[in-house]
Structure formats: structure tokens, C-alpha cells
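Containing CSV, C-alpha atoms: input.csv.
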```
chain,number,residue,atom,x,y,z
R,25,MET,CA,0.0,0.0,0.0
R,26,ILE,CA,1.1,3.5,-0.8
R,27,PRO,CA,1.4,5.6,2.4
R,28,GLN,CA,-0.7,8.8,2.8
R,29,LEU,CA,0.7,11.8,1.0
R,30,SER,CA,1.4,13.6,4.2
R,31,ARG,CA,3.7,10.8,5.4
R,32,ARG,CA,5.5,10.7,2.0
R,33,LEU,CA,6.1,14.4,2.1
R,34,ALA,CA,7.4,14.2,5.6
R,35,ALA,CA,9.8,11.5,4.5
R,36,GLU,CA,11.0,13.6,1.6
R,37,ALA,CA,11.6,16.7,3.7
R,38,LEU,CA,13.4,14.6,6.4
R,39,GLY,CA,15.5,12.8,3.9
R,40,ALA,CA,16.5,16.0,2.1
R,41,ALA,CA,17.3,17.7,5.4
R,42,ILE,CA,19.5,14.9,6.7
R,43,LEU,CA,21.2,14.6,3.3
R,44,VAL,CA,22.1,18.3,3.2
R,45,ALA,CA,23.1,18.4,6.8
R,46,THR,CA,25.5,15.6,6.0
R,47,VAL,CA,26.9,17.3,2.9
R,48,VAL,CA,27.4,20.6,4.6
R,49,GLY,CA,28.3,19.3,8.1
R,50,SER,CA,30.9,16.9,6.9
R,51,GLY,CA,32.4,19.6,4.7
R,52,ILE,CA,32.7,21.9,7.6
R,53,MET,CA,34.2,19.2,9.8
R,54,ALA,CA,36.7,18.0,7.2
R,55,ASP,CA,37.7,21.6,6.5
R,56,ARG,CA,38.4,22.2,10.1
R,57,LEU,CA,40.4,19.1,10.6
R,58,THR,CA,42.8,19.4,7.7
R,59,ASN,CA,44.3,21.9,5.3
R,60,ASP,CA,44.7,19.3,2.6
R,61,VAL,CA,42.0,19.9,0.0
R,62,ALA,CA,42.0,16.3,-1.2
R,63,LEU,CA,41.5,15.0,2.4
R,64,THR,CA,38.7,17.5,2.9
R,65,LEU,CA,37.0,16.3,-0.2
R,66,LEU,CA,37.4,12.7,0.9
R,67,GLY,CA,35.9,13.6,4.3
R,68,ASN,CA,33.0,15.2,2.5
R,69,THR,CA,32.5,12.3,0.0
R,70,LEU,CA,32.4,9.3,2.3
R,71,PRO,CA,29.7,10.5,4.7
R,72,THR,CA,27.5,11.6,1.7
R,73,GLY,CA,27.6,8.3,0.0
R,74,ALA,CA,27.0,6.5,3.3
R,75,ILE,CA,24.0,8.6,4.3
R,76,LEU,CA,22.4,8.0,1.0
R,77,VAL,CA,22.5,4.2,1.5
R,78,VAL,CA,20.9,4.7,5.0
R,79,LEU,CA,18.2,7.2,3.8
R,80,ILE,CA,17.2,5.3,0.8
R,81,THR,CA,17.0,2.0,2.8
R,82,ILE,CA,14.8,3.5,5.6
R,83,LEU,CA,12.7,6.0,3.8
R,84,GLY,CA,12.4,4.3,0.4
R,85,PRO,CA,9.4,2.2,1.5
R,86,VAL,CA,7.6,5.4,2.6
R,87,SER,CA,8.2,7.9,-0.2
R,88,GLY,CA,10.4,6.3,-2.7
R,89,ALA,CA,13.3,8.3,-1.3
R,90,HIS,CA,13.7,10.8,-4.1
R,91,PHE,CA,15.2,13.7,-2.1
R,92,ASN,CA,15.9,15.3,-5.5
R,93,PRO,CA,13.6,17.4,-7.8
R,94,ALA,CA,15.3,15.9,-10.9
R,95,VAL,CA,14.4,12.4,-9.8
R,96,THR,CA,10.8,13.5,-9.0
R,97,MET,CA,10.5,15.2,-12.4
R,98,VAL,CA,11.7,12.1,-14.2
R,99,PHE,CA,9.3,9.9,-12.3
R,100,ALA,CA,6.4,12.3,-13.0
R,101,LEU,CA,7.2,12.2,-16.8
R,102,ARG,CA,7.3,8.4,-16.6
R,103,LYS,CA,3.9,8.6,-14.8
R,104,ASP,CA,5.4,6.8,-11.7
R,105,ILE,CA,4.1,9.6,-9.5
R,106,GLU,CA,1.0,11.8,-9.8
R,107,PRO,CA,1.7,15.4,-10.8
R,108,VAL,CA,0.2,17.0,-7.7
R,109,ALA,CA,2.3,14.8,-5.5
R,110,ALA,CA,5.4,15.6,-7.6
R,111,PHE,CA,4.9,19.3,-7.0
R,112,PHE,CA,4.6,18.9,-3.3
R,113,TYR,CA,7.6,16.4,-3.3
R,114,ILE,CA,9.8,19.1,-4.9
R,115,THR,CA,8.6,21.8,-2.6
R,116,MET,CA,9.4,19.7,0.5
R,117,GLN,CA,12.7,18.6,-0.9
R,118,ILE,CA,13.8,22.2,-1.3
R,119,LEU,CA,12.5,23.3,2.1
R,120,GLY,CA,14.0,20.2,3.8
R,121,GLY,CA,17.3,20.9,2.2
R,122,ILE,CA,17.4,24.5,3.4
R,123,VAL,CA,16.6,23.3,6.9
R,124,GLY,CA,19.4,20.8,6.7
R,125,SER,CA,21.8,23.6,5.8
R,126,PHE,CA,20.7,25.7,8.8
R,127,VAL,CA,21.0,22.7,11.2
R,128,ALA,CA,24.5,22.0,10.0
R,129,HIS,CA,25.4,25.7,10.7
R,130,ALA,CA,23.8,25.5,14.2
R,131,MET,CA,25.8,22.3,15.0
R,132,PHE,CA,29.1,24.0,14.2
R,133,GLU,CA,28.1,27.4,15.7
R,134,LEU,CA,28.1,29.3,12.5
R,135,PRO,CA,25.6,32.0,11.5
R,136,ILE,CA,22.3,30.1,10.7
R,137,ILE,CA,21.7,31.9,7.4
R,138,GLU,CA,24.7,32.6,5.1
R,139,VAL,CA,25.1,33.3,1.4
R,140,ALA,CA,27.8,31.2,-0.3
R,141,ARG,CA,30.7,33.0,-2.1
R,142,THR,CA,32.3,29.9,-3.7
R,143,VAL,CA,32.4,30.4,-7.5
R,144,ARG,CA,31.2,27.4,-9.4
R,145,THR,CA,30.6,28.3,-13.0
R,146,GLY,CA,31.9,27.7,-16.6
R,147,SER,CA,31.4,25.1,-19.3
R,148,GLY,CA,33.5,22.5,-17.4
R,149,GLN,CA,31.2,22.7,-14.3
R,150,TRP,CA,28.0,22.6,-16.4
R,151,ILE,CA,29.2,19.6,-18.4
R,152,ALA,CA,30.2,17.9,-15.1
R,153,GLU,CA,26.7,18.5,-13.7
R,154,ILE,CA,25.1,17.1,-16.9
R,155,VAL,CA,27.3,14.0,-16.5
R,156,ALA,CA,26.6,13.7,-12.8
R,157,ALA,CA,22.8,13.9,-13.1
R,158,PHE,CA,22.8,11.7,-16.1
R,159,GLY,CA,24.7,9.0,-14.3
R,160,LEU,CA,22.6,9.3,-11.2
R,161,ILE,CA,19.3,9.0,-13.0
R,162,PHE,CA,20.5,6.2,-15.2
R,163,THR,CA,21.8,4.4,-12.1
R,164,ILE,CA,18.4,4.7,-10.4
R,165,LEU,CA,16.3,3.6,-13.4
R,166,ALA,CA,18.6,0.7,-14.3
R,167,GLY,CA,18.8,-0.3,-10.6
R,168,LEU,CA,15.0,-0.2,-10.3
R,169,ARG,CA,14.8,-2.3,-13.5
R,170,PHE,CA,17.3,-5.0,-12.6
R,171,ARG,CA,18.2,-4.8,-8.8
R,172,PRO,CA,15.6,-2.8,-6.9
R,173,ASP,CA,16.8,-4.4,-3.7
R,174,ALA,CA,20.3,-2.8,-4.2
R,175,ILE,CA,19.2,0.7,-5.1
R,176,GLY,CA,20.4,2.3,-1.9
R,177,TRP,CA,23.9,0.9,-2.4
R,178,LEU,CA,23.9,1.7,-6.1
R,179,VAL,CA,23.1,5.4,-5.5
R,180,GLY,CA,25.4,5.7,-2.6
R,181,LEU,CA,28.3,4.2,-4.5
R,182,TYR,CA,27.6,6.2,-7.6
R,183,ILE,CA,27.6,9.5,-5.8
R,184,THR,CA,30.8,8.5,-3.9
R,185,ALA,CA,32.5,7.9,-7.2
R,186,ALA,CA,31.0,10.9,-9.0
R,187,TYR,CA,32.4,13.3,-6.3
R,188,TRP,CA,35.8,12.4,-7.7
R,189,PHE,CA,35.3,12.0,-11.4
R,190,THR,CA,33.3,15.1,-12.1
R,191,ALA,CA,34.7,18.6,-12.0
R,192,SER,CA,31.8,19.9,-10.0
R,193,THR,CA,32.0,17.2,-7.3
R,194,SER,CA,28.6,15.9,-8.4
R,195,PHE,CA,25.8,18.1,-7.0
R,196,ALA,CA,23.3,16.3,-9.3
R,197,ASN,CA,20.4,17.7,-7.2
R,198,PRO,CA,18.7,21.1,-7.6
R,199,ALA,CA,17.3,21.0,-4.0
R,200,VAL,CA,20.8,20.3,-2.6
R,201,ALA,CA,22.3,23.0,-4.9
R,202,ILE,CA,19.8,25.6,-3.5
R,203,ALA,CA,20.5,24.6,0.1
R,204,ARG,CA,24.3,24.8,-0.5
R,205,SER,CA,23.9,28.3,-1.9
R,206,LEU,CA,22.9,29.3,1.7
R,207,SER,CA,26.1,27.9,3.2
R,208,ASP,CA,29.3,29.8,2.9
R,209,THR,CA,31.4,26.7,3.7
R,210,PHE,CA,33.4,24.1,1.8
R,211,ALA,CA,30.2,22.8,0.3
R,212,GLY,CA,28.8,26.2,-0.8
R,213,ILE,CA,27.9,27.5,-4.3
R,214,ARG,CA,27.4,31.1,-5.1
R,215,PRO,CA,23.7,31.9,-5.7
R,216,LEU,CA,24.6,33.5,-9.0
R,217,ASP,CA,25.8,30.1,-10.3
R,218,LEU,CA,22.7,28.2,-9.3
R,219,PRO,CA,20.8,28.6,-12.6
R,220,GLY,CA,23.5,27.1,-14.7
R,221,PHE,CA,23.8,24.1,-12.3
R,222,ILE,CA,20.1,23.5,-12.2
R,223,VAL,CA,19.6,23.7,-16.0
R,224,ALA,CA,22.6,21.3,-16.4
R,225,GLU,CA,21.2,18.8,-13.8
R,226,LEU,CA,17.8,18.7,-15.4
R,227,ALA,CA,19.3,18.3,-18.9
R,228,GLY,CA,21.4,15.4,-17.7
R,229,ALA,CA,18.4,13.8,-15.9
R,230,PHE,CA,16.1,14.0,-19.0
R,231,LEU,CA,18.9,12.6,-21.3
R,232,ALA,CA,19.2,9.7,-18.9
R,233,MET,CA,15.5,9.1,-18.9
R,234,ALA,CA,15.4,9.1,-22.7
R,235,LEU,CA,18.2,6.6,-22.9
R,236,ALA,CA,16.8,4.4,-20.2
R,237,ASN,CA,13.4,4.3,-21.7
R,238,TRP,CA,14.9,3.0,-24.9
R,239,MET,CA,17.7,0.8,-23.6
R,240,LEU,CA,15.9,-0.8,-20.7
R,241,ALA,CA,12.5,-1.3,-22.3
R,242,SER,CA,11.1,-4.8,-22.0
R,243,GLU,CA,11.0,-6.7,-25.3
R,244,PRO,CA,8.4,-9.3,-26.4
R,245,LEU,CA,9.4,-12.8,-25.4
R,246,SER,CA,9.9,-13.9,-29.0
R,247,GLN,CA,12.4,-11.1,-29.6
R,248,SER,CA,14.3,-11.6,-26.4
R,249,ASN,CA,14.8,-15.3,-27.3
R,250,GLY,CA,16.2,-14.3,-30.6
R,251,GLN,CA,13.2,-15.7,-32.5
```
What do you get writing this file as C-alpha cells?
Amino acid sequence: MIPQLSRRLAAEALGAAILVATVVGSGIMADRLTNDVALTLLGNTLPTGAILVVLITILGPVSGAHFNPAVTMVFALRKDIEPVAAFFYITMQILGGIVGSFVAHAMFELPIIEVARTVRTGSGQWIAEIVAAFGLIFTILAGLRFRPDAIGWLVGLYITAAYWFTASTSFANPAVAIARSLSDTFAGIRPLDLPGFIVAELAGAFLAMALANWMLASEPLSQSNGQ
């Protein structure tokens, strides 16, 4: 049975909040513990991948564990979620992410509301976000098609890898990007750079959906047997 919408929305908000608190908080902690940028990034990467496994495992049965407007939009286009629910999912993901950023600041005794100053712009960053979002959405759709029981691990491991092979460190999530624009920390992104990131993330997501719809489509039994 599908849980009531209010419970699903609460799960989306909670998941997005914990995800962003982990991204921002681990970035702050790592930045305070070392001056080595590579170690700081590693300290930001591992908690993010780990918390995704946890959140998808425990909240997936409630809301589907989207935590990401790009994921929700793709599911809405595939008619896997009703349009009204998708709108509220996205709203709660953004609000939850912002709260998560504020909570991270409170834990580390920083100003609750900040405006990020980290410049993240240029063609390399935008291409990286297209690639990051493409890989994330394709991983989700292929995982749901072939190994739904492993989706938490697949997403967590993908994001862990994508932190390091993409020039942007793989935001791949408009709600997380918005929340990170309100944190002037290691994880921050200047608000001016948000539109380019969000457009790139959605472009990558829709490209992945198009490819997955074709590549992963079920074939008639006669064709799949080579007859």
C-alpha cells in the first residue's frame, strides 16, 4: 500500500534535510580538521555516500526516497508519481534541504543563514553536472529495473565515485544546490551560479530518462529469445 501523501512528504523533507546536513556538516568538519583539500573532499565524500545508503533504505518504503527534484520530475514524466504529489515532493525537498543547511550551521556554531561565495561556473562545471545527473538518474532507473533491492547501495556508491570523477563534485540535485547556496562553507555554491547548475542537472536527468526508456525497455518474449 502507498502511504498517505502527508507521510510521503514528511519523508521527503526529512531525507533532504539529513542529506544536506550531512553534505554541509561533513564539509565543515573536514575543512576544520585538515588543510589538505584532497582529504577535505574525501571527508565530504564518504559521509555523503554512506548517508544516501541509509536514507534510501529506511525512507524508500515510505516515499520512494527521491530527495531530488530531478528524480521526481523524471518519475512524473514516466507517470510513476502523480503530478500534484510531484509538485509537493519538490517543494518539500527544497524546504527540507534548506533546513538541513541551517541545522549544520547550528551544530558548528556558524551563522544560521549565510550566502555562499564559492564560485562554481563555466562550461566544465556545467558539463560535469550534466554527466553527474545523467549517471545518477540512469543508475536509479537501471537499478529499479534489474536490482531494486540494491538501489540504496547503487546510488550511494555512484555519488561517492562521482564526487571524484566530475569537475563539479557531483551536486546532481537542484534542491541540494539551492540549500548549498545558503552555506558559505566548503560545500557552498554562489547563488549567481545556481541557474547554470540547475539547468545542467535537469538536462542530464532528462537525457538519462530518454536513454533508459529505450535501452531498458522490456521486449516481447519472441524477440528476447532471438526468434
Show me a table, sorted first by chain and then by increasing residue number, of the residues of segment 197-220 of chain R having an atom at most 8 Å from segment 51-56 of chain R, each with its shortest atom pair and the distance in Å to one decimal, counting only C-alpha atoms and written as JSON lines.
```
{"residue": "R:Thr209", "atom": "CA", "partner": "R:Ile52", "partner_atom": "CA", "distance": 6.3}
{"residue": "R:Phe210", "atom": "CA", "partner": "R:Gly51", "partner_atom": "CA", "distance": 5.4}
{"residue": "R:Ala211", "atom": "CA", "partner": "R:Gly51", "partner_atom": "CA", "distance": 5.9}
```
Practice problem: Just the residues within 12 Å of Leu160 of chain R, please, counting only C-alpha atoms, with nothing from its chain fewer than 4 positions along; format it as a VMD selection string. | Solution: chain R and resid 90 92 94 to 95 98 153 to 156 164 to 167 175 to 176 178 to 187 194 to 197 225 to 226 228 to 233 236
Keeping C-alpha atoms for every residue in the selection just given, could you write it to a file as a CSV table (one decimal), keeping the file's coordinate frame?
```csv
chain,number,residue,atom,x,y,z
R,90,HIS,CA,13.7,10.8,-4.1
R,92,ASN,CA,15.9,15.3,-5.5
R,94,ALA,CA,15.3,15.9,-10.9
R,95,VAL,CA,14.4,12.4,-9.8
R,98,VAL,CA,11.7,12.1,-14.2
R,153,GLU,CA,26.7,18.5,-13.7
R,154,ILE,CA,25.1,17.1,-16.9
R,155,VAL,CA,27.3,14.0,-16.5
R,156,ALA,CA,26.6,13.7,-12.8
R,164,ILE,CA,18.4,4.7,-10.4
R,165,LEU,CA,16.3,3.6,-13.4
R,166,ALA,CA,18.6,0.7,-14.3
R,167,GLY,CA,18.8,-0.3,-10.6
R,175,ILE,CA,19.2,0.7,-5.1
R,176,GLY,CA,20.4,2.3,-1.9
R,178,LEU,CA,23.9,1.7,-6.1
R,179,VAL,CA,23.1,5.4,-5.5
R,180,GLY,CA,25.4,5.7,-2.6
R,181,LEU,CA,28.3,4.2,-4.5
R,182,TYR,CA,27.6,6.2,-7.6
R,183,ILE,CA,27.6,9.5,-5.8
R,184,THR,CA,30.8,8.5,-3.9
R,185,ALA,CA,32.5,7.9,-7.2
R,186,ALA,CA,31.0,10.9,-9.0
R,187,TYR,CA,32.4,13.3,-6.3
R,194,SER,CA,28.6,15.9,-8.4
R,195,PHE,CA,25.8,18.1,-7.0
R,196,ALA,CA,23.3,16.3,-9.3
R,197,ASN,CA,20.4,17.7,-7.2
R,225,GLU,CA,21.2,18.8,-13.8
R,226,LEU,CA,17.8,18.7,-15.4
R,228,GLY,CA,21.4,15.4,-17.7
R,229,ALA,CA,18.4,13.8,-15.9
R,230,PHE,CA,16.1,14.0,-19.0
R,231,LEU,CA,18.9,12.6,-21.3
R,232,ALA,CA,19.2,9.7,-18.9
R,233,MET,CA,15.5,9.1,-18.9
R,236,ALA,CA,16.8,4.4,-20.2
```
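Checking R:Phe162, R:Ala37, R:Phe170, R:Glu133 one by one against Ser242 of chain R, counting all atoms listed in the file, you find the shortest gap at R:Phe170.
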Quiz prompt | Long-range neighbours of Gly146 of chain R as number ranges by chain, 12 Å cut-off, only C-alpha atoms, 4 positions minimum in chain | solution = R: 150-153, 191-192, 217-221, 224
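Near Ile80 of chain R, within a cut-off of 6 Å and counting all atoms listed in the file, sit the residues Leu76, Gly84, Ala89 and Gly176 of chain R, with same-chain residues fewer than 4 positions away left out.
Going from atom CA of Gly88 of chain R to atom CA of Glu36 of chain R covers 8.5 Å.
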Quiz prompt | Nearby residues (only C-alpha atoms) at most 10 Å from segment 43-45 of chain R, same-chain spacing under 5 positions excluded, as a PyMOL selection string | solution = chain R and resi 37-38+50-51+71-76+79+91+120-129+131+199-201+203-204+211
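One distance worth recording is that between atom CA of Pro215 of chain R and atom CA of Thr145 of chain R, which is 10.7 Å.
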Exercise. Work out how far apart atom CA of Val78 of chain R and atom CA of Val61 of chain R are and give it in Å to one decimal.
Key: 26.5 Å
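Between Gly212 of chain R and the candidates R:Val47, R:Ala100, R:Ile105, R:Leu235, the tightest atom-to-atom separation, counting only C-alpha atoms, involves R:Val47.
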Quiz item: For Pro172 of chain R, which of R:Pro85, R:Val48, R:Ile222, R:Leu57 is the closest residue, counting only C-alpha atoms?
Solution: R:Pro85
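Minimum atom-to-atom distances from R:Asn68, R:Asn59, R:Thr46, R:Ser30 to Val86 of chain R were compared using all atoms listed in the file, and the lowest value belongs to R:Ser30.
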Exercise. Can you work out which one of R:Arg214, R:Val108, R:Ser207, R:Leu240 has the shortest atom-to-atom distance to Ala130 of chain R, counting all atoms listed in the file?
Key: R:Ser207
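Comparing the minimum interatomic distances between Glu138 of chain R and each of R:Ala110, R:Met239, R:Ile82, R:Ile213, counting all atoms listed in the file, we find that R:Ile213 sits nearest.
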Add whatever atoms are absent from segment 168-197 of chain R to reach N, CA and C atoms, and provide the output as an mmCIF file, keeping the file's coordinate frame.
```
data_model
loop_
_atom_site.group_PDB
_atom_site.id
_atom_site.type_symbol
_atom_site.label_atom_id
_atom_site.label_comp_id
_atom_site.auth_asym_id
_atom_site.auth_seq_id
_atom_site.Cartn_x
_atom_site.Cartn_y
_atom_site.Cartn_z
ATOM 1 N N LEU R 168 16.375 0.131 -10.534
ATOM 2 C CA LEU R 168 15.000 -0.200 -10.300
ATOM 3 C C LEU R 168 14.540 -1.341 -11.271
ATOM 4 N N ARG R 169 15.122 -1.345 -12.466
ATOM 5 C CA ARG R 169 14.800 -2.300 -13.500
ATOM 6 C C ARG R 169 15.332 -3.709 -13.159
ATOM 7 N N PHE R 170 16.591 -3.730 -12.699
ATOM 8 C CA PHE R 170 17.300 -5.000 -12.600
ATOM 9 C C PHE R 170 17.594 -5.413 -11.111
ATOM 10 N N ARG R 171 17.864 -4.432 -10.225
ATOM 11 C CA ARG R 171 18.200 -4.800 -8.800
ATOM 12 C C ARG R 171 17.589 -3.784 -7.860
ATOM 13 N N PRO R 172 16.271 -3.764 -7.768
ATOM 14 C CA PRO R 172 15.600 -2.800 -6.900
ATOM 15 C C PRO R 172 16.025 -2.995 -5.411
ATOM 16 N N ASP R 173 16.429 -4.198 -5.041
ATOM 17 C CA ASP R 173 16.800 -4.400 -3.700
ATOM 18 C C ASP R 173 18.176 -3.783 -3.339
ATOM 19 N N ALA R 174 18.935 -3.394 -4.361
ATOM 20 C CA ALA R 174 20.300 -2.800 -4.200
ATOM 21 C C ALA R 174 20.322 -1.329 -4.452
ATOM 22 N N ILE R 175 19.170 -0.696 -4.643
ATOM 23 C CA ILE R 175 19.200 0.700 -5.100
ATOM 24 C C ILE R 175 19.889 1.641 -4.172
ATOM 25 N N GLY R 176 19.760 1.424 -2.870
ATOM 26 C CA GLY R 176 20.400 2.300 -1.900
ATOM 27 C C GLY R 176 21.950 2.254 -2.089
ATOM 28 N N TRP R 177 22.487 1.054 -2.206
ATOM 29 C CA TRP R 177 23.900 0.900 -2.400
ATOM 30 C C TRP R 177 24.371 1.439 -3.756
ATOM 31 N N LEU R 178 23.570 1.208 -4.773
ATOM 32 C CA LEU R 178 23.900 1.700 -6.100
ATOM 33 C C LEU R 178 24.038 3.218 -6.126
ATOM 34 N N VAL R 179 23.054 3.884 -5.550
ATOM 35 C CA VAL R 179 23.100 5.400 -5.500
ATOM 36 C C VAL R 179 24.192 5.871 -4.658
ATOM 37 N N GLY R 180 24.348 5.292 -3.467
ATOM 38 C CA GLY R 180 25.400 5.700 -2.600
ATOM 39 C C GLY R 180 26.789 5.586 -3.188
ATOM 40 N N LEU R 181 27.026 4.453 -3.834
ATOM 41 C CA LEU R 181 28.300 4.200 -4.500
ATOM 42 C C LEU R 181 28.532 5.103 -5.684
ATOM 43 N N TYR R 182 27.461 5.323 -6.446
ATOM 44 C CA TYR R 182 27.600 6.200 -7.600
ATOM 45 C C TYR R 182 27.999 7.609 -7.179
ATOM 46 N N ILE R 183 27.300 8.164 -6.191
ATOM 47 C CA ILE R 183 27.600 9.500 -5.800
ATOM 48 C C ILE R 183 29.027 9.587 -5.154
ATOM 49 N N THR R 184 29.427 8.541 -4.434
ATOM 50 C CA THR R 184 30.800 8.500 -3.900
ATOM 51 C C THR R 184 31.818 8.591 -5.019
ATOM 52 N N ALA R 185 31.588 7.858 -6.087
ATOM 53 C CA ALA R 185 32.500 7.900 -7.200
ATOM 54 C C ALA R 185 32.419 9.237 -7.956
ATOM 55 N N ALA R 186 31.197 9.723 -8.150
ATOM 56 C CA ALA R 186 31.000 10.900 -9.000
ATOM 57 C C ALA R 186 31.578 12.186 -8.281
ATOM 58 N N TYR R 187 31.677 12.180 -6.949
ATOM 59 C CA TYR R 187 32.400 13.300 -6.300
ATOM 60 C C TYR R 187 33.750 13.494 -6.828
ATOM 61 N N TRP R 188 34.377 12.381 -7.270
ATOM 62 C CA TRP R 188 35.800 12.400 -7.700
ATOM 63 C C TRP R 188 35.990 12.468 -9.170
ATOM 64 N N PHE R 189 35.063 11.953 -9.958
ATOM 65 C CA PHE R 189 35.300 12.000 -11.400
ATOM 66 C C PHE R 189 34.648 13.122 -12.132
ATOM 67 N N THR R 190 33.852 13.926 -11.419
ATOM 68 C CA THR R 190 33.300 15.100 -12.100
ATOM 69 C C THR R 190 33.928 16.368 -11.527
ATOM 70 N N ALA R 191 34.074 17.341 -12.409
ATOM 71 C CA ALA R 191 34.700 18.600 -12.000
ATOM 72 C C ALA R 191 33.951 19.391 -11.013
ATOM 73 N N SER R 192 32.649 19.152 -10.955
ATOM 74 C CA SER R 192 31.800 19.900 -10.000
ATOM 75 C C SER R 192 31.599 19.245 -8.694
ATOM 76 N N THR R 193 32.180 18.083 -8.487
ATOM 77 C CA THR R 193 32.000 17.200 -7.300
ATOM 78 C C THR R 193 30.557 16.721 -7.201
ATOM 79 N N SER R 194 29.865 16.648 -8.310
ATOM 80 C CA SER R 194 28.600 15.900 -8.400
ATOM 81 C C SER R 194 27.505 16.416 -7.455
ATOM 82 N N PHE R 195 26.994 17.618 -7.690
ATOM 83 C CA PHE R 195 25.800 18.100 -7.000
ATOM 84 C C PHE R 195 24.617 17.172 -7.401
ATOM 85 N N ALA R 196 24.305 17.190 -8.698
ATOM 86 C CA ALA R 196 23.300 16.300 -9.300
ATOM 87 C C ALA R 196 21.920 16.406 -8.668
ATOM 88 N N ASN R 197 21.627 17.536 -8.007
ATOM 89 C CA ASN R 197 20.400 17.700 -7.200
ATOM 90 C C ASN R 197 20.043 19.137 -7.064
#
```
